[in-house]
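Source file: work.cif; contents: mmCIF, C-alpha atoms.
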data_work
#
loop_
_atom_site.label_atom_id
_atom_site.label_comp_id
_atom_site.auth_asym_id
_atom_site.auth_seq_id
_atom_site.Cartn_x
_atom_site.Cartn_y
_atom_site.Cartn_z
CA GLY Z 40 -75.91 91.28 134.17
CA GLY Z 41 -78.87 93.58 134.80
CA ALA Z 42 -79.84 94.94 138.16
CA ALA Z 43 -83.14 93.05 137.90
CA HIS Z 44 -81.23 89.77 137.99
CA ARG Z 45 -79.17 90.86 140.98
CA LYS Z 46 -82.23 92.02 142.91
CA GLY Z 47 -84.02 88.77 142.16
CA ARG Z 48 -81.12 86.69 143.42
CA ASP Z 49 -80.86 88.82 146.57
CA ARG Z 50 -84.56 88.38 147.36
CA GLN Z 51 -84.71 84.67 146.64
CA HIS Z 52 -81.35 83.44 147.91
CA GLY Z 53 -80.22 86.02 150.44
CA ARG Z 54 -77.61 88.67 149.76
CA LEU Z 55 -74.39 87.42 148.24
CA ALA Z 56 -71.66 86.97 150.80
CA GLN Z 57 -68.88 89.53 150.87
CA ALA Z 58 -66.28 86.81 151.28
CA LEU Z 59 -64.81 85.71 147.97
CA ARG Z 60 -65.07 81.98 147.40
CA PRO Z 61 -63.98 79.47 144.77
CA HIS Z 62 -65.52 78.93 141.38
CA ARG Z 63 -64.61 77.62 137.96
CA LEU Z 64 -65.10 78.11 134.25
CA PRO Z 65 -67.34 75.18 133.27
CA SER Z 66 -65.48 72.55 131.25
CA ILE Z 67 -63.60 75.14 129.20
CA ASN Z 68 -59.82 75.06 129.16
CA LYS Z 69 -59.39 78.81 129.01
CA LEU Z 70 -58.10 81.65 131.06
CA VAL Z 71 -59.93 84.92 131.56
CA ALA Z 72 -57.90 88.04 130.85
CA VAL Z 73 -60.14 90.93 131.87
CA GLY Z 74 -59.16 94.52 131.25
CA ALA Z 75 -59.52 95.41 134.92
CA ALA Z 76 -55.89 96.10 135.81
CA GLY Z 77 -56.42 99.83 135.44
CA ILE Z 78 -59.31 100.01 137.89
CA GLY Z 79 -58.10 102.08 140.80
CA GLY Z 80 -60.73 104.76 141.28
CA LYS Z 81 -64.46 105.07 141.57
CA GLY Z 82 -66.79 105.21 138.60
CA ASP Z 83 -66.21 104.25 135.00
CA VAL Z 84 -62.89 103.27 133.50
CA GLY Z 85 -64.12 103.60 129.92
CA ALA Z 86 -64.69 100.88 127.36
CA GLU Z 87 -62.90 97.66 128.17
CA GLN Z 88 -62.44 94.39 126.34
CA GLY Z 89 -61.33 91.12 127.87
CA THR Z 90 -60.43 88.06 125.85
CA VAL Z 91 -60.52 84.39 126.76
CA GLU Z 92 -58.07 82.38 124.70
CA PRO Z 93 -58.52 78.67 123.94
CA GLY Z 94 -55.97 75.94 124.43
CA LEU Z 95 -54.48 76.97 127.76
CA PRO Z 96 -53.85 74.48 130.58
CA ASP Z 97 -56.88 73.34 132.55
CA LEU Z 98 -56.61 76.14 135.09
CA ASP Z 99 -59.96 77.54 136.04
CA VAL Z 100 -60.16 81.18 137.01
CA GLY Z 101 -60.00 81.26 140.57
CA ARG Z 102 -60.63 81.84 144.10
CA HIS Z 103 -61.08 85.58 144.43
CA LEU Z 104 -62.98 87.03 141.48
CA GLN Z 105 -66.61 87.20 142.52
CA PRO Z 106 -68.64 87.83 145.70
CA GLY Z 107 -70.54 84.65 146.41
CA GLY Z 108 -69.91 80.93 146.34
CA ILE Z 109 -70.34 77.93 144.09
CA ASP Z 110 -74.11 77.80 144.67
CA ASP Z 111 -74.62 81.41 143.55
CA LEU Z 112 -72.45 80.89 140.49
CA GLU Z 113 -74.25 77.70 139.44
CA VAL Z 114 -77.67 79.30 139.96
CA TYR Z 115 -76.69 82.19 137.71
CA ARG Z 116 -75.30 79.85 135.04
CA GLN Z 117 -78.56 77.93 134.96
CA VAL Z 118 -80.63 81.14 134.93
CA VAL Z 119 -78.82 82.29 131.78
CA VAL Z 120 -78.27 78.98 129.98
CA ASP Z 121 -81.31 76.93 131.06
CA GLY Z 122 -83.87 79.58 132.07
CA ILE Z 123 -84.59 77.99 135.45
CA HIS Z 124 -86.14 81.22 136.74
CA ASP Z 125 -88.05 82.34 133.67
CA HIS Z 126 -91.22 81.64 135.65
CA TRP Z 127 -90.24 84.61 137.85
CA ILE Z 128 -90.92 86.97 134.93
CA ALA Z 129 -94.07 88.88 135.87
CA PRO Z 130 -93.49 92.65 135.85
CA GLU Z 131 -97.16 93.33 136.58
CA GLU Z 132 -96.61 91.58 139.93
CA GLY Z 133 -93.41 93.47 140.69
CA LYS Z 134 -91.24 90.50 139.73
CA TRP Z 135 -88.61 90.15 137.01
CA GLN Z 136 -89.17 92.18 133.86
CA TYR Z 137 -87.12 89.78 131.75
CA SER Z 138 -84.27 87.29 131.92
CA TYR Z 139 -81.34 86.90 129.58
CA HIS Z 140 -82.55 83.41 128.72
CA GLU Z 141 -86.02 84.71 127.86
CA ARG Z 142 -84.62 87.44 125.60
CA ILE Z 143 -82.24 84.97 123.92
CA GLU Z 144 -84.66 82.07 123.30
CA ASN Z 145 -88.13 83.60 123.68
CA TYR Z 146 -87.81 87.13 122.27
CA THR Z 147 -91.20 88.75 121.81
CA VAL Z 148 -92.04 91.59 119.42
CA PRO Z 149 -95.32 93.55 119.28
CA GLY Z 150 -97.33 92.47 116.26
CA ILE Z 151 -95.55 89.14 115.87
CA PRO Z 152 -97.68 86.37 117.40
CA GLU Z 153 -94.92 83.85 118.08
CA PRO Z 154 -91.73 84.53 120.08
CA VAL Z 155 -88.39 84.27 118.30
CA ASN Z 156 -85.79 81.72 119.40
CA GLN Z 157 -82.73 83.74 118.46
CA LEU Z 158 -80.25 81.13 119.66
CA GLU Z 159 -81.78 78.48 117.42
CA ALA Z 160 -81.69 80.91 114.50
CA ALA Z 161 -78.00 81.61 115.11
CA ILE Z 162 -77.23 77.90 115.27
CA ASN Z 163 -79.08 77.35 111.98
CA LEU Z 164 -76.99 80.04 110.31
CA LEU Z 165 -73.75 78.56 111.63
CA CYS Z 166 -74.73 75.09 110.42
CA ASP Z 167 -75.60 76.41 106.97
CA ALA Z 168 -72.42 78.50 106.60
CA SER Z 169 -69.73 78.46 109.27
CA HIS Z 170 -68.26 81.71 107.90
CA THR Z 171 -71.53 83.61 108.30
CA ARG Z 172 -71.36 87.05 109.87
CA ARG Z 173 -75.09 87.04 110.67
CA ALA Z 174 -75.20 84.65 113.63
CA GLN Z 175 -76.14 86.96 116.46
CA VAL Z 176 -78.61 87.47 119.28
CA VAL Z 177 -79.89 90.87 120.42
CA LEU Z 178 -81.48 91.59 123.79
CA TRP Z 179 -82.48 95.26 123.72
CA LYS Z 180 -86.12 96.13 123.10
CA PRO Z 181 -86.20 99.84 122.18
CA TRP Z 182 -89.98 100.06 122.54
CA ALA Z 183 -89.77 98.82 126.14
CA ASP Z 184 -86.29 99.16 127.59
CA ALA Z 185 -85.94 102.94 127.35
CA ASP Z 186 -88.49 103.19 130.18
CA CYS Z 187 -87.48 99.98 131.96
CA GLY Z 188 -86.34 100.39 135.55
CA HIS Z 189 -83.51 97.89 135.15
CA PRO Z 190 -82.82 97.33 131.44
CA ALA Z 191 -80.61 94.51 130.25
CA CYS Z 192 -76.88 95.13 130.49
CA LEU Z 193 -76.09 92.48 127.88
CA GLN Z 194 -76.90 93.86 124.43
CA ARG Z 195 -75.68 91.33 121.90
CA LEU Z 196 -74.01 87.96 121.39
CA TRP Z 197 -72.19 87.34 118.10
CA PHE Z 198 -70.92 83.96 116.87
CA ARG Z 199 -68.57 82.86 114.12
CA ILE Z 200 -66.54 79.72 113.41
CA PHE Z 201 -62.82 79.96 112.64
CA ASP Z 202 -60.66 76.87 112.13
CA ASP Z 203 -63.36 74.60 113.61
CA ARG Z 204 -63.58 76.73 116.77
CA LEU Z 205 -66.59 78.77 117.81
CA LEU Z 206 -65.77 82.39 118.57
CA MET Z 207 -68.25 84.38 120.64
CA SER Z 208 -68.36 88.08 121.48
CA ALA Z 209 -70.58 89.49 124.22
CA ASN Z 210 -71.35 93.21 124.04
CA MET Z 211 -72.52 94.89 127.23
CA ARG Z 212 -73.62 98.48 127.66
CA SER Z 213 -72.78 98.38 131.38
CA ASN Z 214 -70.99 95.92 133.67
CA ASP Z 215 -70.23 95.93 137.38
CA ALA Z 216 -66.57 94.94 137.25
CA PHE Z 217 -66.44 93.69 140.83
CA LYS Z 218 -69.77 92.05 141.62
CA ALA Z 219 -71.13 90.91 138.25
CA ALA Z 220 -68.50 90.63 135.52
CA PHE Z 221 -67.12 87.22 136.40
CA MET Z 222 -70.57 85.69 136.87
CA ASN Z 223 -71.52 87.04 133.45
CA MET Z 224 -68.40 85.57 131.81
CA TYR Z 225 -68.91 82.27 133.56
CA ALA Z 226 -72.47 81.90 132.24
CA PHE Z 227 -71.83 83.35 128.79
CA THR Z 228 -68.89 81.03 128.09
CA ASP Z 229 -71.05 78.07 129.09
CA LEU Z 230 -73.67 79.24 126.59
CA GLN Z 231 -70.83 79.34 124.04
CA ARG Z 232 -70.10 75.70 124.88
CA VAL Z 233 -73.76 74.80 124.32
CA VAL Z 234 -73.79 76.43 120.89
CA ALA Z 235 -70.55 74.69 119.88
CA GLU Z 236 -71.96 71.30 120.95
CA ARG Z 237 -75.25 71.83 119.10
CA VAL Z 238 -73.48 72.87 115.90
CA SER Z 239 -71.24 69.80 116.22
CA GLU Z 240 -74.25 67.51 116.63
CA ARG Z 241 -76.09 69.02 113.67
CA THR Z 242 -73.17 69.07 111.24
CA GLY Z 243 -71.39 65.88 112.34
CA LYS Z 244 -68.17 67.88 112.60
CA GLU Z 245 -66.50 68.67 115.90
CA ILE Z 246 -66.58 72.38 116.65
CA LYS Z 247 -64.54 73.26 119.71
CA VAL Z 248 -65.01 76.25 121.96
CA GLY Z 249 -62.79 79.06 120.73
CA GLN Z 250 -62.06 82.63 121.73
CA TYR Z 251 -64.48 84.58 123.90
CA ASN Z 252 -64.52 88.39 123.81
CA HIS Z 253 -66.14 90.38 126.62
CA ILE Z 254 -66.76 93.93 125.38
CA VAL Z 255 -68.10 96.56 127.78
CA ASP Z 256 -68.94 100.22 127.15
CA SER Z 257 -69.02 101.15 130.84
CA PHE Z 258 -66.90 98.80 132.98
CA HIS Z 259 -67.22 100.23 136.46
CA ILE Z 260 -67.22 99.79 140.20
CA TYR Z 261 -69.41 101.63 142.71
CA GLY Z 262 -68.43 103.86 145.58
CA SER Z 263 -70.88 102.06 147.86
CA TYR Z 264 -68.54 99.05 148.05
CA PHE Z 265 -65.21 100.71 147.26
CA ASP Z 266 -63.69 99.65 150.57
CA ASP Z 267 -64.61 96.03 149.82
CA PHE Z 268 -63.00 96.35 146.41
CA ARG Z 269 -59.85 97.84 147.89
CA GLY Z 270 -59.62 94.85 150.24
CA PHE Z 271 -60.19 92.47 147.34
CA LYS Z 272 -57.47 94.16 145.27
CA TRP Z 273 -55.04 93.91 148.18
CA SER Z 274 -55.80 90.20 148.73
CA VAL Z 275 -55.19 89.42 145.05
CA GLU Z 276 -51.86 91.22 145.09
CA GLN Z 277 -50.68 89.07 148.03
CA ARG Z 278 -51.23 85.74 146.24
CA THR Z 279 -49.47 83.92 143.45
CA PHE Z 280 -51.31 82.88 140.33
CA GLU Z 281 -51.53 79.30 141.63
CA GLN Z 282 -53.01 80.52 144.90
CA ARG Z 283 -55.64 82.54 143.04
CA THR Z 284 -56.93 79.67 140.90
CA TYR Z 285 -58.57 76.28 141.17
CA ARG Z 286 -58.79 73.44 138.72
CA THR Z 287 -62.27 72.21 137.89
CA GLU Z 288 -61.70 68.88 139.59
CA ASP Z 289 -60.82 70.69 142.83
CA VAL Z 290 -64.41 71.88 143.22
CA GLN Z 291 -66.39 69.45 141.07
CA VAL Z 292 -67.97 67.85 144.12
CA LEU Z 293 -69.23 71.25 145.27
CA ILE Z 294 -70.59 71.98 141.80
CA ASP Z 295 -72.46 68.65 141.72
CA GLU Z 296 -73.90 69.31 145.18
CA ALA Z 297 -75.02 72.78 144.11
CA ARG Z 298 -76.77 71.36 141.04
CA GLU Z 299 -78.73 68.89 143.12
CA LYS Z 300 -79.82 71.57 145.59
CA ILE Z 301 -80.86 73.88 142.76
CA LYS Z 302 -82.84 71.11 141.08
CA GLN Z 303 -84.77 70.39 144.26
CA ALA Z 304 -85.43 74.08 144.91
CA VAL Z 305 -86.76 74.68 141.39
CA GLU Z 306 -88.99 71.59 141.55
CA LYS Z 307 -90.41 72.78 144.85
CA GLU Z 308 -91.06 76.26 143.45
CA LYS Z 309 -92.97 74.79 140.52
CA GLY Z 310 -95.00 72.47 142.71
CA ASN Z 311 -93.14 69.33 141.66
CA ASP Z 312 -91.44 68.68 144.97
CA PRO Z 313 -90.42 64.99 144.92
CA GLN Z 314 -90.91 64.87 148.68
#

Whole structure given in structure tokens:
Amino acid sequence: GGAAHRKGRDRQHGRLAQALRPHRLPSINKLVAVGAAGIGGKGDVGAEQGTVEPGLPDLDVGRHLQPGGIDDLEVYRQVVVDGIHDHWIAPEEGKWQYSYHERIENYTVPGIPEPVNQLEAAINLLCDASHTRRAQVVLWKPWADADCGHPACLQRLWFRIFDDRLLMSANMRSNDAFKAAFMNMYAFTDLQRVVAERVSERTGKEIKVGQYNHIVDSFHIYGSYFDDFRGFKWSVEQRTFEQRTYRTEDVQVLIDEAREKIKQAVEKEKGNDPQ
């Protein structure tokens, strides 16, 4: 996502490790197919679209796609889906200018007294008419983001139901293909799961998670870590598909441990330390 998110994580949790460690797609039986095969040079590679298809075996995208471990990945998922760090938003104090969760569920507009919960509005539209083309969330604020130091990379989420499956497209103006893209996909597809579950609960009809589209205008890597990327590319080429992936159950214990640590850390930050 945005550079503001990355800087916040670096300050609060230490810089992400360069070693590539395991992770999973949360409870979604899908396989990421990112349009990154053509990345071989520095800078942009043009607009790219990756698609996650439903119904594949329970193989979770694997061991070598993002810099950082299970803890970092779970923190980011909860930042986007649950807003666990929305209390860090305080630009006047030099802290976060926004979070994706805040823009999605607490979108403020000058002249409108109450914030807009865009996710709830999208869910309402889907419940009223599954074929609607209006169920979307926008994150850009033209009156503020043009002068923002680190404006949101995610621009829009769009939802539609086909054959009792929830399709979601994420549109990004900019995406760091090496150090951010997988974390974004991981969190966004979990948000897709949340929407599918809430629509199912409201309508009494099971809506499964369907296709996910990751659309990026500038899908790039940076020269500052090009050597790291070259090493990553080489390591991937040496491994079979099975060696590059984990199943969810392989790392579920680590995920559960991460969630408990995160819960305690957030409670302590907010002054609700159980100890």

Translate the PyMOL selection byres ((chain Z and resi 169) around 12), as applied to the file shown, into an explicit residue set as a compact mmCIF listing (two decimals) with C-alpha atoms, in the frame of the given file.
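Done, and the output landed in result_15.txt:
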# COMPACT_ATOMS: atom_id res chain seq x y z
CA ALA Z 161 -78.00 81.61 115.11
CA ILE Z 162 -77.23 77.90 115.27
CA ASN Z 163 -79.08 77.35 111.98
CA LEU Z 164 -76.99 80.04 110.31
CA LEU Z 165 -73.75 78.56 111.63
CA CYS Z 166 -74.73 75.09 110.42
CA ASP Z 167 -75.60 76.41 106.97
CA ALA Z 168 -72.42 78.50 106.60
CA HIS Z 170 -68.26 81.71 107.90
CA THR Z 171 -71.53 83.61 108.30
CA ARG Z 172 -71.36 87.05 109.87
CA ARG Z 173 -75.09 87.04 110.67
CA ALA Z 174 -75.20 84.65 113.63
CA PHE Z 198 -70.92 83.96 116.87
CA ARG Z 199 -68.57 82.86 114.12
CA ILE Z 200 -66.54 79.72 113.41
CA PHE Z 201 -62.82 79.96 112.64
CA ASP Z 202 -60.66 76.87 112.13
CA ASP Z 203 -63.36 74.60 113.61
CA ARG Z 204 -63.58 76.73 116.77
CA LEU Z 205 -66.59 78.77 117.81
CA LEU Z 206 -65.77 82.39 118.57
CA ALA Z 235 -70.55 74.69 119.88
CA VAL Z 238 -73.48 72.87 115.90
CA SER Z 239 -71.24 69.80 116.22
CA THR Z 242 -73.17 69.07 111.24
CA LYS Z 244 -68.17 67.88 112.60
CA ILE Z 246 -66.58 72.38 116.65

*Skip stretch 291-300 of chain Z itself and residues of its chain fewer than 6 positions away, then list as a count of residues only all residues within 8 Å of it, counting all atoms listed in the file.*
3

Quick one: which stretch 223-297 of chain Z residues come within 12 Å of stretch 128-148 of chain Z, and what is the nearest atom pair for each with the distance in Å to one decimal, counting all atoms listed in the file, rows ordered by chain and ascending number, as a tab-separated table?
residue	atom	partner	partner_atom	distance
Z:Asn223	CA	Z:Tyr139	CA	10.6
Z:Ala226	CA	Z:Tyr139	CA	10.5
Z:Phe227	CA	Z:Tyr139	CA	10.2
Z:Leu230	CA	Z:His140	CA	10.0

*How many Å lie between atom CA of Z:Asp215 and atom CA of Z:Ser257, rounded to one decimal?*
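Straight-line distance from atom CA of Z:Asp215 to atom CA of Z:Ser257 works out to 8.5 Å.
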
*Do you have the atom CA of Z:Phe280-atom CA of Z:Phe217 distance handy?*
18.6 Å

_My list of candidates is Z:Lys307, Z:Met222, Z:Ile151, Z:Ser213. Which is closest to Z:Val255 when distances are computed with all atoms listed in the file?_
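Closest residue, counting all atoms listed in the file: Z:Ser213.
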
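Atom CA of Z:Tyr251 is found 13.2 Å from atom CA of Z:Arg195.
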
_Nearest residue to Z:Phe221 out of Z:Ala209, Z:Leu112, Z:Val155, Z:Val305, using all atoms listed in the file?_
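So, comparing all the options, the nearest one is Z:Leu112.
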
*Written as a VMD selection string, what is the full residue list that the PyMOL selection byres ((chain Z and resi 190) around 12) yields on the file shown?*
chain Z and resid 40 to 44 135 to 139 142 178 to 189 191 to 194 211 to 213
